[in-house]
Amino acid sequence: MRKSSIRAFGIALFLAGAIFTFVDFITSDTEAAKINVPKGTVLIKKTELEAINVEAAEAKKQLAKIQTDYSALKNNTVAVNTSAKKAVKSFTLVIKKGMGTSEVSSALEKAGIIKDAGDFELYVIKNDKASSLQIGTYDLNVKMTTAEIVKKITRSK
């Protein structure tokens, strides 16, 4: 064979490969080209669609719960307010050996029985009741005055 015929055969193979590549590139551009999807449409995978549907279902459940809670709250607002006024907060105070006025007043303040531990402690000290604290268990409530609380925890049972 001659050089020119080998060269021509090589060029023909190169051109055939280039043509096949070009045709493949044009015909199998994307999945959208095969399906004929209108402009403005987005394709997503089936697994992504399922994940989105699961999230949407969870969001619907949460929304339904929020709506139910809101409706219940809206309908029971008056009932809750009246029952809150009727309920008196109570607390069982346990005074142990070695507890001082500061520990007692802090416990009462944390329980919400008194508003200010410092004021309570000052009242106990000014009325000479600091050394009269009695070990024991005492049932106290928010409606009691400072004087009533002090009287109750400083006398023996």
# chains A, B, ... in the order shown; residues from 1 in each chain; ligands from 1
call {"tool": "select_by_dssp", "arguments": {"residues": "chain A", "states": "helix (DSSP H, G or I)", "output": "VMD selection string"}}
result
chain A and resid 3 to 27 31 to 35 46 to 86 101 to 111 117 to 126 130 to 132 146 to 154
call {"tool": "select_by_dssp", "arguments": {"residues": "stretch 3-118 of chain A", "states": "strand (DSSP E)", "output": "PyMOL selection string"}}
result
chain A and resi 90-95
call {"tool": "atom_distance", "arguments": {"atom1": "atom CA of A:Asn53", "atom2": "atom CA of A:Val37"}}
result
22.0 Å
call {"tool": "closest_residue", "arguments": {"among": "A:Ile66, A:Ile6, A:Ala59, A:Ile113", "to": "A:Thr145", "atoms": "only C-alpha atoms"}}
result
A:Ile113
call {"tool": "atom_distance", "arguments": {"atom1": "atom CA of A:Gly98", "atom2": "atom CA of A:Lys143"}}
result
27.5 Å
call {"tool": "closest_residue", "arguments": {"among": "A:Glu109, A:Asp24, A:Glu58, A:Asp128", "to": "A:Phe91", "atoms": "only C-alpha atoms"}}
result
A:Glu109
call {"tool": "residues_around", "arguments": {"residues": "A:Lys152", "least_positions_apart": "4", "cutoff": "12 Å", "atoms": "only C-alpha atoms", "output": "MDAnalysis selection string"}}
result
chainID A and resid 93 95 129 132:141 144:148 156:157
